[in-house]
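Asks: Input work_36.txt, format and content: compact mmCIF, C-alpha atoms and all ligand atoms.
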```txt
# COMPACT_ATOMS: atom_id res chain seq x y z
CA MET A 1 23.13 -47.72 36.82
CA GLN A 2 26.51 -46.28 37.74
CA THR A 3 28.96 -47.80 40.21
CA SER A 4 31.62 -45.98 42.17
CA LEU A 5 33.77 -49.12 42.33
CA GLN A 6 37.15 -49.06 40.62
CA ILE A 7 37.00 -52.29 38.64
CA ASP A 8 40.37 -54.01 38.38
CA SER A 9 39.34 -56.41 35.58
CA ARG A 10 40.66 -59.93 35.91
CA PHE A 11 40.36 -60.24 32.13
CA PRO A 12 41.16 -56.83 30.68
CA GLN A 13 41.85 -58.22 27.19
CA MET A 14 38.78 -60.44 26.95
CA GLY A 15 36.06 -59.44 24.50
CA THR A 16 32.72 -61.05 23.63
CA THR A 17 32.79 -64.46 21.89
CA ILE A 18 32.86 -64.33 18.12
CA PHE A 19 29.71 -66.49 18.02
CA THR A 20 27.71 -63.84 19.86
CA VAL A 21 29.26 -61.03 17.83
CA MET A 22 28.53 -62.61 14.43
CA SER A 23 25.03 -63.87 15.31
CA ARG A 24 24.14 -60.38 16.51
CA MET A 25 25.55 -58.78 13.37
CA ALA A 26 23.67 -61.30 11.22
CA ALA A 27 20.40 -60.36 12.93
CA GLU A 28 21.10 -56.63 12.58
CA CYS A 29 21.92 -56.95 8.88
CA GLY A 30 19.20 -59.45 7.98
CA ALA A 31 21.95 -61.85 6.85
CA VAL A 32 21.51 -65.60 6.50
CA ASN A 33 23.27 -66.77 9.65
CA LEU A 34 25.82 -69.50 8.86
CA SER A 35 28.14 -68.26 11.62
CA GLN A 36 27.35 -69.62 15.10
CA GLY A 37 26.97 -73.40 15.14
CA PHE A 38 23.37 -74.37 15.83
CA PRO A 39 20.63 -76.08 13.82
CA ASP A 40 17.81 -73.88 12.51
CA PHE A 41 15.44 -76.85 12.26
CA GLN A 42 13.18 -78.40 14.87
CA ALA A 43 14.24 -81.30 17.08
CA ASP A 44 12.13 -84.46 17.28
CA PRO A 45 8.72 -83.89 18.96
CA ALA A 46 9.05 -87.36 20.53
CA LEU A 47 11.77 -85.87 22.75
CA PHE A 48 9.50 -83.01 23.82
CA ASP A 49 6.71 -85.47 24.61
CA ALA A 50 9.05 -87.52 26.78
CA VAL A 51 10.20 -84.46 28.77
CA HIS A 52 6.64 -83.15 29.09
CA LYS A 53 5.43 -86.51 30.38
CA HIS A 54 8.03 -86.48 33.16
CA MET A 55 7.14 -82.90 34.10
CA CYS A 56 3.47 -83.86 34.35
CA GLN A 57 4.33 -86.93 36.41
CA GLY A 58 5.93 -84.65 38.98
CA ARG A 59 9.61 -85.31 38.25
CA ASN A 60 10.49 -81.67 38.85
CA GLN A 61 12.80 -81.65 41.86
CA TYR A 62 16.58 -81.85 42.14
CA ALA A 63 18.21 -84.77 40.41
CA PRO A 64 21.10 -86.52 42.18
CA MET A 65 24.32 -84.51 41.88
CA ALA A 66 25.85 -86.83 39.27
CA GLY A 67 22.68 -86.97 37.16
CA MET A 68 19.54 -89.12 36.94
CA PRO A 69 20.50 -92.81 37.19
CA GLU A 70 18.32 -93.59 34.14
CA LEU A 71 20.33 -91.18 32.00
CA ARG A 72 23.69 -92.27 33.37
CA GLN A 73 22.71 -95.85 32.57
CA ALA A 74 21.72 -94.90 29.01
CA ILE A 75 25.04 -93.05 28.54
CA SER A 76 27.03 -95.98 29.91
CA ASP A 77 25.13 -98.37 27.60
CA LYS A 78 25.72 -96.18 24.55
CA VAL A 79 29.44 -95.78 25.22
CA ALA A 80 29.82 -99.53 25.78
CA ALA A 81 27.93 -100.35 22.59
CA LEU A 82 29.92 -97.92 20.44
CA TYR A 83 33.41 -97.95 21.90
CA GLY A 84 33.72 -101.00 24.17
CA PRO A 85 34.44 -99.95 27.75
CA ARG A 86 31.75 -100.15 30.41
CA TYR A 87 31.82 -97.01 32.60
CA ASP A 88 30.34 -97.55 36.05
CA VAL A 89 26.97 -95.78 36.36
CA GLU A 90 27.58 -94.80 40.00
CA SER A 91 31.12 -93.55 39.87
CA GLU A 92 32.19 -92.93 36.27
CA VAL A 93 29.40 -90.99 34.51
CA THR A 94 28.26 -87.41 35.30
CA VAL A 95 25.59 -85.35 33.56
CA THR A 96 26.56 -81.70 33.03
CA ALA A 97 24.98 -78.43 31.94
CA GLY A 98 26.40 -78.79 28.43
CA ALA A 99 29.92 -79.50 27.27
CA THR A 100 31.16 -76.00 28.11
CA GLN A 101 30.50 -76.58 31.80
CA ALA A 102 32.01 -80.04 31.62
CA LEU A 103 35.21 -78.62 30.10
CA PHE A 104 35.34 -75.80 32.64
CA THR A 105 34.79 -78.14 35.56
CA ALA A 106 37.39 -80.65 34.37
CA ILE A 107 39.99 -77.92 33.94
CA ALA A 108 39.14 -76.35 37.31
CA ALA A 109 39.38 -79.76 39.00
CA PHE A 110 42.86 -80.59 37.71
CA VAL A 111 44.76 -77.48 36.69
CA ARG A 112 46.54 -75.44 39.36
CA PRO A 113 48.17 -72.03 39.09
CA GLY A 114 51.36 -72.35 37.03
CA ASP A 115 50.40 -75.65 35.40
CA GLU A 116 50.74 -75.97 31.65
CA VAL A 117 47.95 -77.29 29.44
CA ILE A 118 48.64 -78.26 25.83
CA VAL A 119 45.94 -77.24 23.36
CA PHE A 120 45.86 -77.48 19.57
CA ASP A 121 45.77 -74.28 17.57
CA PRO A 122 43.32 -73.34 16.01
CA VAL A 123 41.57 -73.93 19.32
CA TYR A 124 37.87 -73.91 20.26
CA ASP A 125 37.20 -70.63 21.97
CA SER A 126 36.33 -71.67 25.53
CA TYR A 127 39.43 -73.72 26.41
CA VAL A 128 42.08 -71.06 26.88
CA PRO A 129 39.99 -68.54 28.89
CA THR A 130 39.05 -71.42 31.19
CA ILE A 131 42.66 -72.51 31.65
CA GLU A 132 43.63 -68.92 32.40
CA THR A 133 40.73 -68.41 34.81
CA VAL A 134 42.18 -71.09 37.06
CA GLY A 135 45.72 -69.73 36.73
CA GLY A 136 47.04 -72.28 34.22
CA LYS A 137 49.06 -71.53 31.12
CA ALA A 138 47.98 -72.65 27.66
CA VAL A 139 50.78 -74.07 25.52
CA TYR A 140 49.99 -74.24 21.82
CA ALA A 141 50.62 -77.17 19.48
CA ARG A 142 49.74 -76.43 15.90
CA LEU A 143 47.36 -78.21 13.58
CA GLN A 144 49.05 -78.02 10.20
CA PHE A 145 47.26 -76.07 7.51
CA PRO A 146 45.41 -76.97 5.29
CA ASP A 147 44.59 -80.49 6.61
CA TYR A 148 44.84 -79.42 10.24
CA THR A 149 46.72 -82.53 11.32
CA PRO A 150 48.71 -82.62 14.59
CA ASP A 151 52.50 -82.60 14.54
CA TRP A 152 53.31 -85.12 17.28
CA ALA A 153 57.04 -84.35 17.17
CA GLN A 154 56.18 -80.78 18.10
CA VAL A 155 53.84 -81.97 20.87
CA ALA A 156 56.69 -84.10 22.28
CA GLN A 157 58.80 -80.96 22.56
CA LEU A 158 56.06 -79.06 24.39
CA ILE A 159 55.69 -81.61 27.19
CA THR A 160 57.48 -80.48 30.37
CA PRO A 161 57.30 -81.46 34.05
CA LYS A 162 54.72 -78.67 34.37
CA THR A 163 52.32 -80.20 31.82
CA ARG A 164 49.19 -81.16 33.74
CA MET A 165 46.74 -81.72 30.91
CA ILE A 166 46.33 -82.02 27.16
CA VAL A 167 43.05 -81.03 25.52
CA LEU A 168 41.93 -82.84 22.38
CA ASN A 169 38.94 -82.16 20.16
CA SER A 170 37.87 -84.60 17.46
CA PRO A 171 35.89 -84.16 15.24
CA HIS A 172 37.42 -80.70 15.38
CA ASN A 173 35.69 -77.35 15.58
CA PRO A 174 36.37 -75.16 13.58
CA THR A 175 38.33 -77.21 11.01
CA GLY A 176 36.30 -80.41 10.49
CA SER A 177 39.47 -82.52 10.84
CA LEU A 178 39.65 -85.84 12.70
CA LEU A 179 42.14 -87.60 14.92
CA THR A 180 42.85 -91.14 13.73
CA ALA A 181 43.79 -94.34 15.53
CA VAL A 182 47.38 -93.65 14.42
CA ASP A 183 47.28 -90.24 16.14
CA LEU A 184 46.13 -91.88 19.35
CA ASP A 185 48.97 -94.40 19.17
CA LYS A 186 51.44 -91.57 18.81
CA LEU A 187 49.87 -89.70 21.72
CA VAL A 188 50.06 -92.71 23.99
CA GLU A 189 53.81 -92.99 23.35
CA LEU A 190 54.23 -89.40 24.52
CA LEU A 191 52.12 -89.75 27.64
CA ARG A 192 53.35 -93.11 28.91
CA GLY A 193 54.95 -92.72 32.33
CA THR A 194 53.61 -89.18 32.87
CA ASN A 195 50.74 -87.95 35.07
CA ILE A 196 49.19 -85.91 32.28
CA VAL A 197 45.39 -85.96 32.18
CA VAL A 198 43.71 -86.00 28.76
CA LEU A 199 40.57 -83.91 28.34
CA SER A 200 38.84 -85.08 25.17
CA ASP A 201 36.08 -82.92 23.70
CA GLU A 202 34.04 -85.33 21.58
CA VAL A 203 30.83 -83.33 21.17
CA TYR A 204 30.72 -84.12 17.43
CA GLU A 205 31.32 -87.86 18.02
CA HIS A 206 28.35 -88.84 15.82
CA ILE A 207 29.05 -86.42 12.96
CA LEU A 208 31.74 -88.04 10.76
CA PHE A 209 31.54 -88.49 7.03
CA ASP A 210 32.46 -90.90 4.23
CA GLY A 211 32.39 -93.95 6.49
CA GLU A 212 35.04 -92.61 8.91
CA LYS A 213 34.94 -94.11 12.41
CA HIS A 214 35.20 -91.90 15.49
CA ALA A 215 38.47 -92.51 17.34
CA SER A 216 37.11 -92.04 20.86
CA LEU A 217 39.74 -91.90 23.56
CA CYS A 218 37.65 -94.34 25.56
CA ALA A 219 38.16 -97.02 22.90
CA HIS A 220 41.92 -96.88 23.52
CA PRO A 221 42.51 -98.63 26.88
CA GLU A 222 45.88 -97.05 27.60
CA LEU A 223 44.51 -93.56 26.94
CA ALA A 224 41.10 -94.16 28.53
CA GLU A 225 42.67 -94.71 31.95
CA ARG A 226 43.89 -91.09 31.97
CA SER A 227 41.05 -89.47 29.99
CA ILE A 228 38.01 -87.38 30.77
CA ILE A 229 35.66 -87.61 27.81
CA VAL A 230 33.08 -84.90 27.17
CA SER A 231 30.03 -85.00 24.93
CA SER A 232 26.85 -82.94 24.45
CA PHE A 233 23.25 -83.76 23.64
CA GLY A 234 23.00 -80.32 22.04
CA LYS A 235 24.83 -81.47 18.92
CA THR A 236 23.40 -84.98 18.78
CA TYR A 237 19.69 -84.24 19.17
CA HIS A 238 19.52 -80.70 17.70
CA ILE A 239 18.92 -79.06 21.11
CA THR A 240 21.89 -76.75 21.64
CA GLY A 241 19.70 -74.47 23.80
CA TRP A 242 19.00 -77.17 26.36
CA LYS A 243 22.64 -77.19 27.51
CA ILE A 244 22.90 -80.80 28.63
CA GLY A 245 26.01 -82.88 28.19
CA TYR A 246 28.03 -85.50 30.04
CA VAL A 247 31.42 -86.70 31.10
CA VAL A 248 32.78 -90.24 31.43
CA SER A 249 36.11 -91.08 33.06
CA PRO A 250 37.76 -93.55 35.44
CA ALA A 251 36.35 -93.26 38.97
CA GLU A 252 39.40 -91.58 40.54
CA LEU A 253 39.31 -88.81 37.97
CA MET A 254 35.53 -88.49 38.24
CA ALA A 255 35.75 -88.11 42.03
CA GLU A 256 37.90 -85.00 41.49
CA PHE A 257 35.58 -83.74 38.74
CA ARG A 258 32.55 -84.03 41.01
CA LYS A 259 34.24 -82.07 43.81
CA VAL A 260 34.02 -79.03 41.53
CA HIS A 261 30.78 -79.96 39.79
CA GLN A 262 28.78 -80.16 43.04
CA PHE A 263 29.48 -76.54 43.97
CA ASN A 264 29.45 -75.17 40.46
CA VAL A 265 26.23 -76.60 39.02
CA PHE A 266 25.21 -79.27 41.52
CA THR A 267 22.71 -80.81 39.14
CA VAL A 268 20.94 -80.48 35.80
CA HIS A 269 17.26 -80.09 34.75
CA THR A 270 15.51 -83.27 35.91
CA PRO A 271 12.68 -83.86 33.40
CA SER A 272 15.02 -83.24 30.46
CA GLN A 273 17.40 -85.87 31.79
CA LEU A 274 14.56 -88.38 32.09
CA GLY A 275 13.29 -87.52 28.62
CA LEU A 276 16.75 -87.93 27.13
CA ALA A 277 17.23 -91.26 28.89
CA GLU A 278 14.12 -92.57 27.17
CA TYR A 279 14.90 -91.00 23.83
CA MET A 280 18.41 -92.51 23.75
CA GLN A 281 17.00 -96.04 23.82
CA ASP A 282 16.56 -95.86 20.06
CA ALA A 283 20.18 -95.91 18.87
CA SER A 284 19.20 -95.05 15.30
CA ARG A 285 18.67 -91.50 16.54
CA HIS A 286 22.38 -90.93 17.15
CA LEU A 287 23.63 -93.44 14.61
CA GLY A 288 21.65 -91.74 11.84
CA LEU A 289 23.29 -88.38 12.42
CA ALA A 290 26.33 -88.96 10.21
CA GLY A 291 24.19 -89.72 7.16
CA PHE A 292 21.86 -86.84 7.95
CA TYR A 293 24.68 -84.30 8.08
CA GLN A 294 26.64 -85.83 5.22
CA GLU A 295 23.67 -85.05 2.99
CA LYS A 296 23.71 -81.45 4.22
CA ARG A 297 27.46 -81.19 3.76
CA ASP A 298 27.28 -82.50 0.19
CA PHE A 299 24.28 -80.33 -0.64
CA PHE A 300 26.08 -77.21 0.63
CA ARG A 301 29.39 -78.06 -1.05
CA ASN A 302 27.59 -78.58 -4.35
CA LEU A 303 25.89 -75.21 -4.02
CA LEU A 304 29.22 -73.53 -3.34
CA ALA A 305 30.99 -75.30 -6.20
CA ALA A 306 29.79 -72.57 -8.56
CA THR A 307 31.42 -69.82 -6.44
CA PRO A 308 35.12 -68.88 -6.22
CA PHE A 309 35.34 -70.18 -2.63
CA GLU A 310 37.92 -72.95 -2.31
CA LEU A 311 36.41 -75.58 -0.03
CA LEU A 312 38.74 -77.37 2.37
CA PRO A 313 38.11 -81.01 3.31
CA CYS A 314 35.29 -81.53 5.84
CA ARG A 315 35.62 -84.96 7.49
CA GLY A 316 33.36 -84.30 10.47
CA THR A 317 31.32 -81.67 12.46
CA TYR A 318 28.79 -79.39 10.80
CA PHE A 319 31.32 -76.80 9.73
CA GLN A 320 32.75 -76.17 6.27
CA LEU A 321 35.94 -74.12 5.91
CA ALA A 322 36.60 -72.12 2.75
CA ARG A 323 39.46 -70.02 1.39
CA TYR A 324 38.40 -66.82 -0.30
CA SER A 325 41.64 -65.55 -1.89
CA ALA A 326 39.96 -65.57 -5.33
CA ILE A 327 37.41 -63.07 -4.00
CA SER A 328 39.19 -60.70 -1.66
CA ASP A 329 42.49 -59.92 0.01
CA LEU A 330 40.84 -58.57 3.16
CA PRO A 331 41.90 -60.11 6.50
CA ASP A 332 39.38 -62.79 7.48
CA ARG A 333 37.61 -60.80 10.18
CA ALA A 334 37.06 -57.84 7.88
CA PHE A 335 35.98 -60.24 5.14
CA ALA A 336 33.45 -61.97 7.45
CA GLU A 337 32.00 -58.60 8.48
CA TRP A 338 31.85 -57.43 4.89
CA MET A 339 30.12 -60.67 3.81
CA THR A 340 27.56 -60.24 6.57
CA ARG A 341 26.81 -56.62 5.71
CA GLU A 342 27.15 -56.54 1.95
CA VAL A 343 26.46 -60.07 0.74
CA GLY A 344 24.01 -61.01 3.49
CA VAL A 345 25.67 -64.26 4.62
CA ALA A 346 27.27 -64.41 8.08
CA VAL A 347 30.34 -66.60 8.64
CA ILE A 348 33.06 -67.02 11.30
CA PRO A 349 36.64 -65.86 10.63
CA VAL A 350 39.00 -68.70 11.52
CA SER A 351 41.81 -66.43 12.78
CA VAL A 352 39.84 -65.92 16.02
CA PHE A 353 40.68 -69.54 16.90
CA HIS A 354 44.42 -68.88 16.51
CA ALA A 355 46.20 -67.70 19.66
CA ASP A 356 48.38 -65.27 17.73
CA GLY A 357 45.61 -64.17 15.37
CA HIS A 358 47.33 -65.98 12.48
CA ASP A 359 45.20 -65.55 9.37
CA ASP A 360 45.15 -68.14 6.57
CA ARG A 361 42.29 -66.20 4.96
CA VAL A 362 39.74 -68.89 5.74
CA VAL A 363 36.13 -68.57 6.94
CA ARG A 364 33.82 -71.12 8.56
CA PHE A 365 30.29 -71.82 7.33
CA CYS A 366 27.82 -73.79 9.51
CA PHE A 367 25.69 -76.12 7.40
CA ALA A 368 23.43 -77.38 10.22
CA LYS A 369 20.58 -75.62 8.48
CA LYS A 370 17.37 -76.32 6.57
CA GLU A 371 17.79 -76.83 2.85
CA GLU A 372 15.96 -73.57 2.23
CA THR A 373 18.42 -71.66 4.45
CA LEU A 374 21.40 -73.15 2.61
CA LEU A 375 19.75 -72.34 -0.71
CA ALA A 376 19.08 -68.74 0.36
CA ALA A 377 22.73 -68.35 1.38
CA ALA A 378 23.98 -69.88 -1.88
CA GLU A 379 21.72 -67.63 -3.91
CA ARG A 380 23.26 -64.56 -2.27
CA LEU A 381 26.79 -65.90 -2.67
CA CYS A 382 26.24 -66.73 -6.35
CA LYS A 383 24.68 -63.32 -6.99
CA ALA A 384 27.68 -61.61 -5.43
CA PHE A 385 30.49 -63.76 -6.75
CA VAL A 386 29.42 -65.64 -9.89
CA LYS A 387 29.55 -63.58 -13.09
CA PRO A 388 26.62 -64.25 -15.43
CA ARG A 389 27.85 -65.82 -18.68
N1 LIG A 401 33.13 -78.01 22.32
C1 LIG A 401 33.01 -77.77 21.02
C2 LIG A 401 34.12 -78.20 20.11
C3 LIG A 401 31.88 -77.13 20.52
O1 LIG A 401 31.77 -76.88 19.22
C4 LIG A 401 30.85 -76.75 21.42
C5 LIG A 401 29.60 -76.04 20.98
N2 LIG A 401 29.50 -75.66 19.72
C6 LIG A 401 31.02 -77.02 22.76
C7 LIG A 401 32.17 -77.65 23.19
C8 LIG A 401 30.01 -76.62 23.77
O2 LIG A 401 28.90 -77.46 23.82
P1 LIG A 401 27.64 -77.11 24.75
O3 LIG A 401 26.76 -76.25 23.93
O4 LIG A 401 27.04 -78.43 25.07
O5 LIG A 401 28.17 -76.39 25.94
N1 LIG A 402 30.21 -73.97 19.54
C1 LIG A 402 29.34 -73.24 18.69
C2 LIG A 402 30.11 -72.80 17.45
O1 LIG A 402 31.19 -73.20 17.25
C3 LIG A 402 28.79 -72.04 19.37
C4 LIG A 402 28.63 -72.12 20.84
C5 LIG A 402 28.60 -70.77 21.46
O2 LIG A 402 28.00 -69.85 20.92
N2 LIG A 402 29.28 -70.63 22.53
O3 LIG A 402 29.62 -72.05 16.67
```
For this file, write the structure as structure tokens.
Ligand code: PMP
Ligand code: GLN
Replies:
Amino acid sequence: MQTSLQIDSRFPQMGTTIFTVMSRMAAECGAVNLSQGFPDFQADPALFDAVHKHMCQGRNQYAPMAGMPELRQAISDKVAALYGPRYDVESEVTVTAGATQALFTAIAAFVRPGDEVIVFDPVYDSYVPTIETVGGKAVYARLQFPDYTPDWAQVAQLITPKTRMIVLNSPHNPTGSLLTAVDLDKLVELLRGTNIVVLSDEVYEHILFDGEKHASLCAHPELAERSIIVSSFGKTYHITGWKIGYVVSPAELMAEFRKVHQFNVFTVHTPSQLGLAEYMQDASRHLGLAGFYQEKRDFFRNLLAATPFELLPCRGTYFQLARYSAISDLPDRAFAEWMTREVGVAVIPVSVFHADGHDDRVVRFCFAKKEETLLAAAERLCKAFVKPR
């Protein structure tokens, strides 16, 4: 259909997300898709049974705006058990339509036109467009290659009277790096005496390797009082397509969050919330995730050891970064497209997460896949890049 309207695009520079682009290209080329982050294996049927039961029992109407009390209680219990603080079920926990909505809503609730928001570069793709949608300005602190650690002295220099918010993400997508307790101590020094809100994206909170402990902002009392913490059931229970997540924060911050949430989403799928509330009662289901993915990480890294890819450290998330300078001197986007078309393995170029397109010639593999998928990918990579002796 044609329109006669003259569209004055609000976002003339904005393209389609790299995850959509690469997943589509993978499908078109018949490539093994290790690009977009999602599991290719089935979630636990016990979760489906729980949701189905609630549907059949007639729990199919609107949930309360903040989420089903049963699920908010289960979230509050989990957070208290893992990190210490007890968030109030009535006023300090909200269920969202995934983490993306939670991040959008938090930014929309706090950031005004002209406000500055500090993000760490490379930066997960949804943060900056959201900040700009509400008229804010993203200010970039760098994560230092190749360990992707923050430079707190640089962050100190970026803080101005206009800084409204700082967005953290640990475990970090795309790099697999982690913030430590020492990082949080440094951050608290910088924020003391300011009104800066911390938005902490902790969707990979249960996916940390080699015995590392997740440094949740809610476990740090001085940071928790100014933090909105976001997580997602998509990552934890292998259900990225369900789009259900949550936010915890002090009540005064949550009151502002809900002002936006109620007119943006209002409420989330009722039977799924009830099913999740039941499913969460068995803590081994989230506590077992680190071991489950560590096996996948190690399996995938071993498979790639025979190839010329140089694997960077992966301390958390289900993403593995790799340098490819021994294979090609193409820019990373061209390399990722070439790999998808010619080698038959789709990956994500890491430069898309850099504000200025900076290219360290690194690509991201997702290893949240069945063993057979990882084996199929490795077979193609070895065929292309490992010379027979
Ligand atoms: N933040 C990060 C760092 C992510 O990797 C993702 C999804 N991959 C999200 C947020 C969005 O999560 P959801 O699918 O629950 O919206
Ligand atoms: N966050 C997922 C990734 O990093 C993808 C989510 C999406 O497609 N928006 O691959």
Asks: Quick one: residues within 6 Å of ligand LIG 401 (chain A), with only C-alpha atoms and all ligand atoms, as a PyMOL selection string?
Replies: chain A and resi 37+98-100+124+173+201+203+232+234+240+243-245
Asks: Choose the residue, out of A:Phe319, A:Leu71, A:Phe257, A:Lys387, that has the smallest atom-to-atom separation from A:Tyr204; count all atoms listed in the file.
Replies: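 Ranking A:Phe319, A:Leu71, A:Phe257, A:Lys387 by distance to A:Tyr204, first place goes to A:Phe319.
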Asks: Nearest to A:Ala346 among A:Phe266, A:Phe19, A:Tyr324, A:Phe145, with distances taken over only C-alpha atoms: which residue is it?
Replies: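 Counting only C-alpha atoms, the residue closest to A:Ala346 is A:Phe19.
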Asks: Which residues are close to stretch 76-91 of chain A, i.e. within 8 Å by all atoms listed in the file, leaving aside same-chain residues fewer than 2 positions away? Reply as a list in words.
Replies: Pro69, Arg72, Gln73, Ala74, Val93, Ser216, Cys218, Ala219, Val248, Ser249, Pro250, Ala251, Met254, Ala255 and Ala283 of chain A
Asks: Do you have the atom CA of A:Leu208-atom CA of A:Gly176 distance handy?
Replies: 8.9 Å
Asks: Neighbours of stretch 307-310 of chain A within 12 Å (all atoms listed in the file; same-chain residues fewer than 5 positions away dropped), as a ChimeraX atom specification?
Replies: /A:146,300-302,320-328,361-365,377-388
Asks: In Å, how far is it from atom CA of A:Val352 to atom CA of A:Ser126?
Replies: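 Distance reported for this atom pair: 11.7 Å.
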Asks: From (44.5, -84.9, 23.5), in the file's coordinates, out to 6 Å: which residues are reached, counting only C-alpha atoms? Answer as JSON, numbers by chain.
Replies: {"A": [166, 167, 168, 198, 200]}
Asks: Report as lines of an AutoDock Vina configuration file the centre and the edge lengths, in Å to one decimal, of the axis-aligned box holding every listed atom of ligand LIG 402 (chain A), padded by 8 Å on each side.
Replies:
```
center_x = 29.6
center_y = -71.9
center_z = 19.6
size_x = 19.2
size_y = 20.1
size_z = 21.9
```
Asks: In terms of the shortest atom-to-atom distance over all atoms listed in the file, which of A:Leu374, A:Ala215, A:Ile207, A:Val265 is closest to A:Gly291?
Replies: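 Among A:Leu374, A:Ala215, A:Ile207, A:Val265, it is A:Ile207 that comes nearest to A:Gly291.
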Asks: Nearest to ligand LIG 402 (chain A) among A:Thr3, A:Thr130, A:Gln154, A:Thr17, with distances taken over only C-alpha atoms and all ligand atoms: which residue is it?
Replies: A:Thr17
Asks: What lies within 12 Å of A:Trp338 using all atoms listed in the file, ignoring chain neighbours under 4 positions off, as a PDB file with C-alpha atoms, in the coordinates of the input?
Replies:
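Writing the result to out30.pdb gives the following:
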```pdb
ATOM      1  CA  MET A  22      28.530 -62.610  14.430  1.00  0.00           C
ATOM      2  CA  MET A  25      25.550 -58.780  13.370  1.00  0.00           C
ATOM      3  CA  ALA A  26      23.670 -61.300  11.220  1.00  0.00           C
ATOM      4  CA  CYS A  29      21.920 -56.950   8.880  1.00  0.00           C
ATOM      5  CA  ALA A  31      21.950 -61.850   6.850  1.00  0.00           C
ATOM      6  CA  ILE A 327      37.410 -63.070  -4.000  1.00  0.00           C
ATOM      7  CA  SER A 328      39.190 -60.700  -1.660  1.00  0.00           C
ATOM      8  CA  ASP A 329      42.490 -59.920   0.010  1.00  0.00           C
ATOM      9  CA  LEU A 330      40.840 -58.570   3.160  1.00  0.00           C
ATOM     10  CA  PRO A 331      41.900 -60.110   6.500  1.00  0.00           C
ATOM     11  CA  ASP A 332      39.380 -62.790   7.480  1.00  0.00           C
ATOM     12  CA  ARG A 333      37.610 -60.800  10.180  1.00  0.00           C
ATOM     13  CA  ALA A 334      37.060 -57.840   7.880  1.00  0.00           C
ATOM     14  CA  GLU A 342      27.150 -56.540   1.950  1.00  0.00           C
ATOM     15  CA  VAL A 343      26.460 -60.070   0.740  1.00  0.00           C
ATOM     16  CA  GLY A 344      24.010 -61.010   3.490  1.00  0.00           C
ATOM     17  CA  VAL A 345      25.670 -64.260   4.620  1.00  0.00           C
ATOM     18  CA  ALA A 346      27.270 -64.410   8.080  1.00  0.00           C
ATOM     19  CA  VAL A 347      30.340 -66.600   8.640  1.00  0.00           C
ATOM     20  CA  ILE A 348      33.060 -67.020  11.300  1.00  0.00           C
ATOM     21  CA  PRO A 349      36.640 -65.860  10.630  1.00  0.00           C
ATOM     22  CA  ALA A 384      27.680 -61.610  -5.430  1.00  0.00           C
TER      23      ALA A 384
END
```
Asks: Near A:Arg10, within 12 Å and counting all atoms listed in the file, which residues show up once chain neighbours fewer than 5 positions away are dropped, as a short mmCIF file (atom, residue, chain, number, x, y, z; two decimals) with C-alpha atoms, in the coordinates of the input?
Replies:
```
data_model
loop_
_atom_site.label_atom_id
_atom_site.label_comp_id
_atom_site.auth_asym_id
_atom_site.auth_seq_id
_atom_site.Cartn_x
_atom_site.Cartn_y
_atom_site.Cartn_z
CA PRO A 129 39.99 -68.54 28.89
CA GLU A 132 43.63 -68.92 32.40
CA THR A 133 40.73 -68.41 34.81
CA VAL A 134 42.18 -71.09 37.06
CA GLY A 135 45.72 -69.73 36.73
#
```
